[in-house]
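Colleague: File coords_24.cif below, mmCIF, C-alpha atoms:
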data_input
#
loop_
_atom_site.label_atom_id
_atom_site.label_comp_id
_atom_site.auth_asym_id
_atom_site.auth_seq_id
_atom_site.Cartn_x
_atom_site.Cartn_y
_atom_site.Cartn_z
CA MET A 1 2.07 31.77 -46.00
CA ASP A 2 0.72 35.32 -45.74
CA PHE A 3 -2.48 36.16 -47.67
CA SER A 4 -4.00 39.61 -47.97
CA ASP A 5 -7.76 40.25 -48.07
CA ASP A 6 -7.74 40.97 -51.81
CA VAL A 7 -5.99 37.73 -52.58
CA PHE A 8 -8.53 35.78 -50.48
CA LYS A 9 -11.44 37.39 -52.29
CA ASP A 10 -9.91 36.75 -55.69
CA VAL A 11 -8.96 33.19 -54.96
CA PHE A 12 -12.09 31.95 -53.17
CA GLY A 13 -14.33 33.75 -55.64
CA GLY A 14 -13.28 31.41 -58.45
CA LEU A 15 -13.74 28.12 -56.63
CA TYR A 16 -16.21 25.62 -57.97
CA GLU A 17 -19.34 25.00 -55.91
CA PRO A 18 -18.25 21.62 -54.45
CA PHE A 19 -15.27 23.34 -52.81
CA THR A 20 -17.04 26.39 -51.44
CA CYS A 21 -17.26 24.73 -47.99
CA LEU A 22 -13.48 24.60 -47.63
CA ASN A 23 -11.90 26.92 -45.08
CA GLU A 24 -8.50 28.60 -45.04
CA MET A 25 -6.71 25.50 -43.71
CA ASP A 26 -8.14 23.37 -46.50
CA PHE A 27 -7.19 25.95 -49.07
CA GLU A 28 -3.66 25.96 -47.74
CA LEU A 29 -3.39 22.28 -48.70
CA ILE A 30 -4.33 22.88 -52.35
CA TYR A 31 -2.97 26.38 -52.88
CA MET A 32 0.36 25.21 -54.33
CA ASP A 33 -1.42 23.36 -57.15
CA TYR A 34 -4.18 25.89 -57.78
CA GLU A 35 -4.10 28.74 -60.35
CA PRO A 36 -6.83 31.29 -59.56
CA ARG A 37 -6.83 32.98 -62.94
CA ASN A 38 -7.53 29.82 -64.96
CA GLU A 39 -10.21 28.43 -62.58
CA ILE A 40 -8.85 24.94 -63.07
CA LEU A 41 -7.98 22.56 -60.23
CA SER A 42 -5.00 20.26 -60.57
CA PRO A 43 -5.78 16.52 -60.32
CA LEU A 44 -5.18 16.09 -56.54
CA ASN A 45 -7.15 12.88 -56.45
CA LYS A 46 -4.19 11.14 -58.11
CA CYS A 47 -1.63 11.92 -55.38
CA LYS A 48 -0.14 9.24 -53.18
CA ASP A 49 -1.82 10.41 -49.95
CA SER A 50 -5.15 8.61 -49.63
CA PHE A 51 -6.26 11.09 -46.96
CA LEU A 52 -6.06 14.00 -49.42
CA ASN A 53 -7.78 12.00 -52.14
CA VAL A 54 -10.81 11.47 -49.92
CA LEU A 55 -10.71 14.98 -48.49
CA LEU A 56 -10.60 16.88 -51.83
CA SER A 57 -12.74 14.67 -54.01
CA ASP A 58 -15.81 16.26 -55.63
CA ASP A 59 -18.13 13.67 -54.17
CA ASN A 60 -17.30 14.39 -50.52
CA GLN A 61 -17.22 17.35 -48.19
CA ARG A 62 -15.02 17.42 -45.10
CA ASN A 63 -16.53 16.36 -41.73
CA SER A 64 -20.09 16.55 -43.06
CA SER A 65 -20.84 14.25 -45.99
CA ILE A 66 -18.04 11.68 -45.82
CA ALA A 67 -19.58 8.21 -45.78
CA LYS A 68 -19.22 6.06 -42.66
CA GLU A 69 -17.38 3.39 -44.64
CA VAL A 70 -14.78 5.94 -45.78
CA ARG A 71 -14.40 7.30 -42.25
CA ALA A 72 -13.71 3.84 -40.92
CA GLN A 73 -11.01 3.30 -43.55
CA VAL A 74 -9.25 6.67 -43.31
CA TYR A 75 -9.78 7.89 -39.74
CA HIS A 76 -9.40 6.26 -36.34
CA ALA A 77 -12.76 5.29 -34.93
CA GLY A 78 -12.20 7.17 -31.67
CA ALA A 79 -11.37 10.41 -33.48
CA TRP A 80 -15.02 10.90 -34.48
CA LYS A 81 -16.36 10.63 -30.92
CA SER A 82 -17.20 13.76 -29.01
CA ASP A 83 -15.89 14.44 -25.52
CA GLU A 84 -19.28 13.63 -24.01
CA GLU A 85 -19.37 10.26 -25.77
CA VAL A 86 -15.87 9.40 -24.56
CA VAL A 87 -16.73 10.33 -20.96
CA GLU A 88 -19.95 8.30 -21.12
CA GLU A 89 -18.14 5.27 -22.53
CA ARG A 90 -15.46 5.41 -19.84
CA ALA A 91 -18.14 5.72 -17.16
CA LYS A 92 -19.82 2.56 -18.48
CA VAL A 93 -16.54 0.66 -18.37
CA LYS A 94 -15.80 1.89 -14.87
CA LYS A 95 -19.30 0.96 -13.73
CA LYS A 96 -18.98 -2.47 -15.27
CA HIS A 97 -15.70 -3.27 -13.48
CA ILE A 98 -15.80 -1.61 -10.05
CA ILE A 99 -12.59 -1.90 -8.02
CA HIS A 100 -13.01 -1.78 -4.26
CA ASP A 101 -11.35 1.21 -2.57
CA PRO A 102 -9.73 0.06 0.70
CA ASN A 103 -9.50 3.69 1.91
CA THR A 104 -13.28 3.98 2.20
CA ARG A 105 -14.55 4.76 5.68
CA TRP A 106 -15.27 1.55 7.55
CA ASN A 107 -19.00 2.21 8.14
CA LEU A 108 -19.54 3.05 4.45
CA MET A 109 -18.11 -0.21 3.09
CA GLU A 110 -20.78 -2.23 1.33
CA PRO A 111 -20.33 -5.18 -1.05
CA LYS A 112 -21.92 -4.81 -4.47
CA LEU A 113 -22.41 -7.17 -7.35
CA GLY A 114 -19.37 -7.07 -9.64
CA ASP A 115 -16.96 -5.51 -7.12
CA SER A 116 -13.36 -6.64 -7.47
CA PHE A 117 -11.01 -7.10 -4.51
CA GLU A 118 -7.26 -7.62 -4.49
CA SER A 119 -7.41 -10.61 -2.15
CA MET A 120 -9.69 -12.68 0.03
CA ALA A 121 -8.40 -10.85 3.10
CA GLU A 122 -9.58 -7.52 1.69
CA LEU A 123 -13.02 -8.96 0.97
CA LYS A 124 -13.27 -10.42 4.47
CA PHE A 125 -12.34 -7.06 6.01
CA CYS A 126 -15.05 -5.37 3.92
CA MET A 127 -17.65 -7.91 5.05
CA GLN A 128 -16.62 -7.48 8.68
CA ASN A 129 -17.05 -3.71 8.49
CA TYR A 130 -20.38 -4.12 6.68
CA ALA A 131 -21.68 -6.55 9.31
CA VAL A 132 -20.59 -4.47 12.32
CA ALA A 133 -21.79 -1.15 10.86
CA ASN A 134 -25.28 -2.50 10.12
CA GLY A 135 -25.56 -5.05 12.94
CA TYR A 136 -25.94 -8.15 10.75
CA GLY A 137 -25.01 -11.50 12.22
CA MET A 138 -23.18 -13.37 9.45
CA TYR A 139 -20.98 -16.39 9.13
CA TYR A 140 -18.62 -17.84 6.53
CA ASP A 141 -20.26 -20.79 4.82
CA LYS A 142 -17.20 -21.36 2.61
CA CYS A 143 -13.89 -19.58 2.91
CA GLY A 144 -11.09 -20.91 0.73
CA SER A 145 -8.46 -19.66 -1.64
CA THR A 146 -10.83 -19.62 -4.65
CA ARG A 147 -14.37 -19.52 -3.19
CA PHE A 148 -15.98 -17.29 -0.60
CA VAL A 149 -19.60 -17.65 0.56
CA VAL A 150 -21.20 -15.54 3.31
CA ARG A 151 -24.68 -16.14 4.70
CA CYS A 152 -26.78 -14.55 7.39
CA GLY A 153 -26.73 -16.24 10.79
CA LYS A 154 -30.51 -16.35 10.93
CA ARG A 155 -30.60 -18.26 7.66
CA GLY A 156 -28.14 -20.79 9.03
CA GLN A 157 -30.23 -21.47 12.14
CA ASP A 158 -33.71 -21.30 10.58
CA MET A 159 -33.08 -22.70 7.11
CA GLU A 160 -36.54 -24.16 6.64
CA LYS A 161 -38.58 -21.39 8.20
CA GLU A 162 -40.28 -18.70 6.16
CA ASN A 163 -38.77 -15.80 8.11
CA SER A 164 -35.16 -16.90 7.48
CA CYS A 165 -32.87 -14.14 6.18
CA PRO A 166 -32.12 -14.66 2.44
CA PHE A 167 -28.82 -12.72 2.41
CA ARG A 168 -26.10 -14.56 0.51
CA LEU A 169 -22.85 -13.43 -1.10
CA TYR A 170 -20.69 -15.55 -3.37
CA ALA A 171 -17.27 -14.43 -4.61
CA GLY A 172 -14.72 -16.30 -6.68
CA TRP A 173 -11.14 -15.94 -7.83
CA MET A 174 -10.70 -14.45 -11.32
CA TYR A 175 -7.68 -16.19 -12.84
CA ASN A 176 -7.29 -13.73 -15.71
CA ASP A 177 -7.49 -10.54 -13.63
CA LYS A 178 -5.90 -12.02 -10.48
CA THR A 179 -8.67 -10.55 -8.34
CA VAL A 180 -11.61 -11.70 -6.23
CA GLN A 181 -14.97 -10.70 -7.72
CA VAL A 182 -18.47 -10.77 -6.24
CA LYS A 183 -20.36 -12.99 -8.68
CA SER A 184 -23.76 -13.30 -6.99
CA LEU A 185 -25.37 -11.26 -4.23
CA VAL A 186 -28.78 -11.38 -2.55
CA GLN A 187 -28.67 -8.23 -0.43
CA ILE A 188 -31.94 -8.59 1.46
CA HIS A 189 -32.04 -8.63 5.26
CA VAL A 190 -35.06 -9.51 7.38
CA CYS A 191 -33.14 -9.99 10.64
CA GLY A 192 -32.74 -7.74 13.67
CA ARG A 193 -29.63 -5.96 14.82
CA LYS A 194 -26.93 -7.94 16.61
CA LEU A 195 -24.44 -6.83 19.25
CA LYS A 196 -22.30 -9.97 19.33
CA PHE A 197 -20.74 -11.04 16.02
CA GLY A 198 -18.70 -14.04 17.07
CA ALA A 199 -16.01 -15.00 14.56
CA MET A 200 -16.72 -11.94 12.38
CA VAL A 201 -14.95 -9.71 14.93
CA THR A 202 -11.45 -11.15 14.85
CA PRO A 203 -8.39 -9.84 16.74
CA GLU A 204 -6.99 -8.63 13.42
CA TRP A 205 -10.13 -6.55 12.72
CA THR A 206 -10.04 -4.96 16.18
CA GLY A 207 -6.28 -4.39 16.01
CA ARG A 208 -6.52 -2.66 12.62
CA HIS A 209 -9.06 -0.20 14.03
CA TYR A 210 -7.04 0.48 17.19
CA ILE A 211 -3.49 0.38 15.88
CA THR A 212 -3.09 4.17 16.17
CA GLU A 213 -4.32 4.25 19.77
CA ILE A 214 -2.06 1.34 20.74
CA ALA A 215 0.96 2.95 19.03
CA ASN A 216 0.41 6.24 20.86
CA LYS A 217 -0.56 4.56 24.14
CA PRO A 218 1.16 1.15 24.49
CA LYS A 219 -0.36 0.60 27.96
CA PHE A 220 -3.92 0.97 26.72
CA LYS A 221 -6.04 -0.82 29.32
CA LEU A 222 -8.19 -3.69 28.12
CA ARG A 223 -11.24 -2.57 30.08
CA ASP A 224 -11.05 0.88 28.52
CA MET A 225 -10.77 -0.69 25.07
CA ILE A 226 -13.90 -2.78 25.66
CA VAL A 227 -15.89 0.30 26.67
CA ASP A 228 -14.60 2.28 23.68
CA ILE A 229 -15.51 -0.51 21.24
CA LYS A 230 -19.02 -0.64 22.69
CA LEU A 231 -19.46 3.12 22.19
CA MET A 232 -17.78 3.50 18.80
CA TYR A 233 -18.77 0.29 17.02
CA LYS A 234 -21.90 -0.83 18.95
CA CYS A 235 -20.22 -4.18 19.46
CA VAL A 236 -19.74 -6.35 22.54
CA VAL A 237 -16.36 -8.11 22.85
CA SER A 238 -14.71 -10.12 25.59
CA ILE A 239 -11.47 -9.32 27.37
CA SER A 240 -9.68 -12.20 25.65
CA GLN A 241 -10.62 -10.78 22.24
CA VAL A 242 -9.15 -7.34 22.99
CA ARG A 243 -6.08 -8.96 24.56
CA ARG A 244 -5.37 -10.84 21.35
CA ALA A 245 -6.11 -7.69 19.34
CA ARG A 246 -3.60 -5.65 21.33
CA ALA A 247 -0.99 -8.39 20.95
CA TRP A 248 -1.60 -8.47 17.16
CA ALA A 249 -1.19 -4.68 16.90
CA LYS A 250 2.00 -4.67 18.98
CA GLU A 251 3.45 -7.47 16.89
CA LEU A 252 2.70 -5.47 13.75
CA LEU A 253 4.32 -2.34 15.19
CA GLU A 254 7.31 -3.83 16.98
CA GLY A 255 7.85 -7.02 15.00
CA LYS A 256 7.78 -10.66 16.06
CA LEU A 257 9.84 -11.96 18.97
CA THR A 258 11.62 -14.37 16.65
CA GLU A 259 12.78 -11.40 14.59
CA HIS A 260 14.15 -9.75 17.74
CA TYR A 261 16.16 -12.83 18.64
CA THR A 262 17.84 -12.81 15.23
CA ARG A 263 19.32 -9.38 16.12
CA ILE A 264 20.82 -10.50 19.42
CA TRP A 265 24.35 -10.70 17.97
CA ASP A 266 24.10 -7.10 16.76
CA TYR A 267 22.93 -6.09 20.22
CA ALA A 268 25.91 -7.81 21.87
CA ASN A 269 28.40 -6.21 19.47
CA GLU A 270 26.91 -2.78 20.12
CA LEU A 271 27.23 -3.28 23.89
CA ARG A 272 30.92 -4.20 23.50
CA ARG A 273 31.57 -1.23 21.22
CA SER A 274 29.88 1.38 23.42
CA ASN A 275 31.21 -0.09 26.72
CA GLN A 276 34.87 -0.90 26.27
CA GLY A 277 36.07 -3.75 28.45
CA SER A 278 32.57 -5.10 29.14
CA SER A 279 31.83 -8.82 28.82
CA CYS A 280 28.88 -10.09 26.83
CA PHE A 281 28.37 -13.77 25.97
CA ILE A 282 25.68 -15.52 23.92
CA GLY A 283 24.83 -19.20 24.16
CA ILE A 284 22.77 -21.14 21.60
CA SER A 285 21.63 -24.70 21.26
CA ARG A 286 23.27 -26.42 18.29
CA PRO A 287 21.19 -27.77 15.40
CA SER A 288 22.43 -31.29 16.20
CA ASN A 289 20.45 -31.15 19.46
CA ASN A 290 17.21 -29.94 17.83
CA PRO A 291 14.83 -32.04 15.73
CA ASP A 292 14.36 -29.33 13.06
CA ASP A 293 18.11 -28.58 12.65
CA LYS A 294 17.81 -24.92 13.65
CA ASN A 295 19.66 -22.69 16.12
CA TYR A 296 17.76 -21.68 19.25
CA PHE A 297 18.51 -19.14 21.93
CA HIS A 298 19.92 -20.68 25.12
CA ARG A 299 21.38 -17.99 27.40
CA PHE A 300 22.75 -14.46 27.45
CA TYR A 301 25.20 -12.90 29.96
CA ILE A 302 25.98 -9.18 30.41
CA GLY A 303 28.59 -7.65 32.72
CA PHE A 304 29.47 -3.97 32.30
CA LYS A 305 33.01 -2.97 33.21
CA ALA A 306 31.89 0.26 34.90
CA LEU A 307 29.66 -1.70 37.30
CA THR A 308 32.31 -4.27 38.18
CA GLU A 309 34.97 -1.58 38.76
CA GLY A 310 32.54 0.44 40.88
CA TRP A 311 31.80 -2.58 43.04
CA LYS A 312 35.51 -3.28 43.54
CA ARG A 313 36.34 0.28 44.62
CA ARG A 314 33.37 1.58 46.59
CA CYS A 315 31.06 -1.27 47.59
CA ARG A 316 30.99 -3.75 50.43
CA LYS A 317 32.73 -7.05 49.76
CA VAL A 318 29.48 -8.98 49.62
CA ILE A 319 27.87 -10.61 46.56
CA GLY A 320 24.29 -11.87 46.49
CA LEU A 321 23.04 -14.36 43.89
CA ASP A 322 19.37 -14.76 43.13
CA GLY A 323 16.96 -15.41 40.26
CA CYS A 324 13.38 -14.86 39.24
CA PHE A 325 11.04 -16.34 36.66
CA LEU A 326 10.11 -14.41 33.51
CA LYS A 327 6.37 -14.07 32.88
CA GLY A 328 5.39 -13.40 29.28
CA HIS A 329 5.35 -15.01 25.85
CA ILE A 330 8.95 -16.17 26.29
CA LYS A 331 9.54 -18.11 29.47
CA GLY A 332 12.84 -18.44 31.30
CA GLU A 333 14.74 -17.13 34.31
CA LEU A 334 16.73 -14.02 35.14
CA LEU A 335 19.84 -14.61 37.34
CA THR A 336 21.46 -11.59 38.99
CA ALA A 337 24.64 -10.88 40.96
CA ILE A 338 24.15 -7.86 43.26
CA GLY A 339 26.15 -6.12 45.98
CA ARG A 340 25.74 -3.45 48.64
CA ASP A 341 27.05 0.07 48.14
CA ALA A 342 28.23 2.50 50.83
CA ASN A 343 24.64 3.62 51.43
CA ASN A 344 23.64 -0.02 52.02
CA GLN A 345 21.50 -0.09 48.84
CA VAL A 346 21.30 -2.65 46.04
CA TYR A 347 24.11 -2.39 43.50
CA PRO A 348 23.86 -4.50 40.28
CA ILE A 349 27.03 -6.24 39.15
CA ALA A 350 26.02 -8.65 36.36
CA TRP A 351 23.00 -10.56 35.12
CA ALA A 352 22.10 -13.40 32.80
CA ILE A 353 18.98 -14.68 31.03
CA LEU A 354 18.64 -18.44 30.57
CA ASP A 355 16.10 -21.19 30.16
CA VAL A 356 16.39 -22.89 33.56
CA GLU A 357 18.41 -22.55 36.73
CA ASN A 358 20.74 -25.57 36.86
CA LYS A 359 24.38 -26.32 37.55
CA ASP A 360 25.51 -25.85 33.96
CA ASN A 361 23.90 -22.41 33.59
#
Show me this structure written as structure tokens.

Modeller:
Amino acid sequence: MDFSDDVFKDVFGGLYEPFTCLNEMDFELIYMDYEPRNEILSPLNKCKDSFLNVLLSDDNQRNSSIAKEVRAQVYHAGAWKSDEEVVEERAKVKKKHIIHDPNTRWNLMEPKLGDSFESMAELKFCMQNYAVANGYGMYYDKCGSTRFVVRCGKRGQDMEKENSCPFRLYAGWMYNDKTVQVKSLVQIHVCGRKLKFGAMVTPEWTGRHYITEIANKPKFKLRDMIVDIKLMYKCVVSISQVRRARAWAKELLEGKLTEHYTRIWDYANELRRSNQGSSCFIGISRPSNNPDDKNYFHRFYIGFKALTEGWKRRCRKVIGLDGCFLKGHIKGELLTAIGRDANNQVYPIAWAILDVENKDN
């Protein structure tokens, strides 16, 4: 609705004193029922809208003198809070329920009272980083699915002495939130720095820190890894620890060997498809022969047609049979059939992988 300046002066000049605080928007609500010439207001307090009854009553003025009881009945409680109050209230809630950020840099991780973790594994990883970064020798007093207690190693050895370290952390499972929360924490250390952390430095912890290096450099030497850990993390580890850490990282990147064996039929079909006329046979041990009623790999034979035809046409009529033992996580033997080419060099014909060299195989 368009109002000129003269109309505004004429209209607002005849308002009663209780309504002089109303602005243009408020006037727009009552303009349809207001006659400026007669200086009489229509009975708006009898309309069906309770909001307008409270807003335009003679006893109240908008946003300034409305009683708290009326505000609570008509308006939402949060609508009367300023932006600063809302920010402060949210900050209190966030501070009260702190959620651990797993993307925090490893040497900045520090457990605090009230912190919530998604799982026990995440809490253990945080405690491992905290212990290594600060050089605290700790041990797990209790480590279950619902309770987690960490103490200082000096307290465990010298429990009755006065100089024992009082550090203790207790965390429990929150059934309602489905999280692990730090319920009590005595974060006082009176012990010296350690270089050997024992069970705190697990192969999983080392593998998680070196998974990028192992992925980019699969033949990362163990001795070089030990030296790098000593420089980067101020921690002394043995060669068996880094060997297990590298195996854990490779298993995470490449998958488990059992998962590879489940794809052996796909591998054989792909060899037959890409090499027409080649022979590829798979042997398994039947569930009836195994105590757990599962199929197990027995043997695998590969003979490419191109190699057999090449031996028939251009190689000497001599075949050598031999085998060697496989050294690794999966034991067994590799049997080969080789020949001699025209240059008197080794020419592969076929090969097979099996469990043992016997008459049947």

Colleague: Skipping near chain neighbours, those fewer than 2 positions away, what residues fall within 12 Å of Gly320 (chain A) using only C-alpha atoms, listed as number ranges by chain?

Modeller: A: 316-318, 322-323, 335-340, 346-351

Colleague: Fewer than 6 positions away in the same chain doesn't count, so skip those; otherwise give me all residues within 8 Å of Arg246 (chain A), counting only C-alpha atoms, as an MDAnalysis selection string.

Modeller: chainID A and resid 203 207 214

Colleague: Deliver the residues from the most recent selection as a file, using C-alpha atoms, as an mmCIF file, in the coordinates of the input.

Modeller:
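Written output follows (again_14.cif):
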data_model
loop_
_atom_site.group_PDB
_atom_site.id
_atom_site.type_symbol
_atom_site.label_atom_id
_atom_site.label_comp_id
_atom_site.auth_asym_id
_atom_site.auth_seq_id
_atom_site.Cartn_x
_atom_site.Cartn_y
_atom_site.Cartn_z
ATOM 1 C CA PRO A 203 -8.390 -9.840 16.740
ATOM 2 C CA GLY A 207 -6.280 -4.390 16.010
ATOM 3 C CA ILE A 214 -2.060 1.340 20.740
#

Colleague: Do you have the CA of Phe297 (chain A)-CA of Phe281 (chain A) distance handy?

Modeller: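 We find that CA of Phe297 (chain A) and CA of Phe281 (chain A) lie 11.9 Å from each other.
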
Colleague: Of the residues A:Arg299, A:Arg313, A:Lys294, A:Lys217, which is the one nearest to Asp355 (chain A), using all atoms listed in the file?

Modeller: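 Once distances to Asp355 (chain A) are computed over all atoms listed in the file, the minimum belongs to A:Arg299.
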
Colleague: Could you tell me which residues the PyMOL selection byres ((chain A and resi 278) around 8) returns for this structure, as a PyMOL selection string?

Modeller: chain A and resi 271-272+275-277+279-280+302-306

Colleague: Nearest to Leu195 (chain A) among A:Arg244, A:Lys230, A:Arg286, A:Arg208, with distances taken over only C-alpha atoms: which residue is it?

Modeller: A:Lys230

Colleague: Could you expand the PyMOL selection byres ((chain A and resi 248-259) around 9) into the explicit residues it covers here, written as a PyMOL selection string?

Modeller: chain A and resi 203-204+206-208+210-211+214-215+218+243-247+260-263+329-330

Colleague: Enumerate, as a list of chain:residue names, the residues matched when the PyMOL selection byres ((chain A and resi 169) around 7) is run on the file above.

Modeller: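 Matching residues under the PyMOL selection byres ((chain A and resi 169) around 7) are A:Val149, A:Val150, A:Arg151, A:Phe167, A:Arg168, A:Tyr170, A:Ala171, A:Ser184, A:Leu185, A:Val186.
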
Colleague: Keeping only C-alpha atoms, write the selected residues to a file as a PDB file, in the frame of the given file.

Modeller:
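Result file is result_5.pdb:
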ATOM      1  CA  VAL A 149     -19.600 -17.650   0.560  1.00  0.00           C
ATOM      2  CA  VAL A 150     -21.200 -15.540   3.310  1.00  0.00           C
ATOM      3  CA  ARG A 151     -24.680 -16.140   4.700  1.00  0.00           C
ATOM      4  CA  PHE A 167     -28.820 -12.720   2.410  1.00  0.00           C
ATOM      5  CA  ARG A 168     -26.100 -14.560   0.510  1.00  0.00           C
ATOM      6  CA  TYR A 170     -20.690 -15.550  -3.370  1.00  0.00           C
ATOM      7  CA  ALA A 171     -17.270 -14.430  -4.610  1.00  0.00           C
ATOM      8  CA  SER A 184     -23.760 -13.300  -6.990  1.00  0.00           C
ATOM      9  CA  LEU A 185     -25.370 -11.260  -4.230  1.00  0.00           C
ATOM     10  CA  VAL A 186     -28.780 -11.380  -2.550  1.00  0.00           C
TER      11      VAL A 186
END

Colleague: What's the separation between CA of Met138 (chain A) and CA of Gln187 (chain A), in Å to one decimal place?

Modeller: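 Straight-line distance from CA of Met138 (chain A) to CA of Gln187 (chain A) works out to 12.4 Å.
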
Colleague: Can you tell me, as a PyMOL selection string, which residues sit within 10 Å of (-33.4, -9.6, 6.0) in the file's frame, using all atoms listed in the file?

Modeller: chain A and resi 136+152+154-155+163-167+186-192
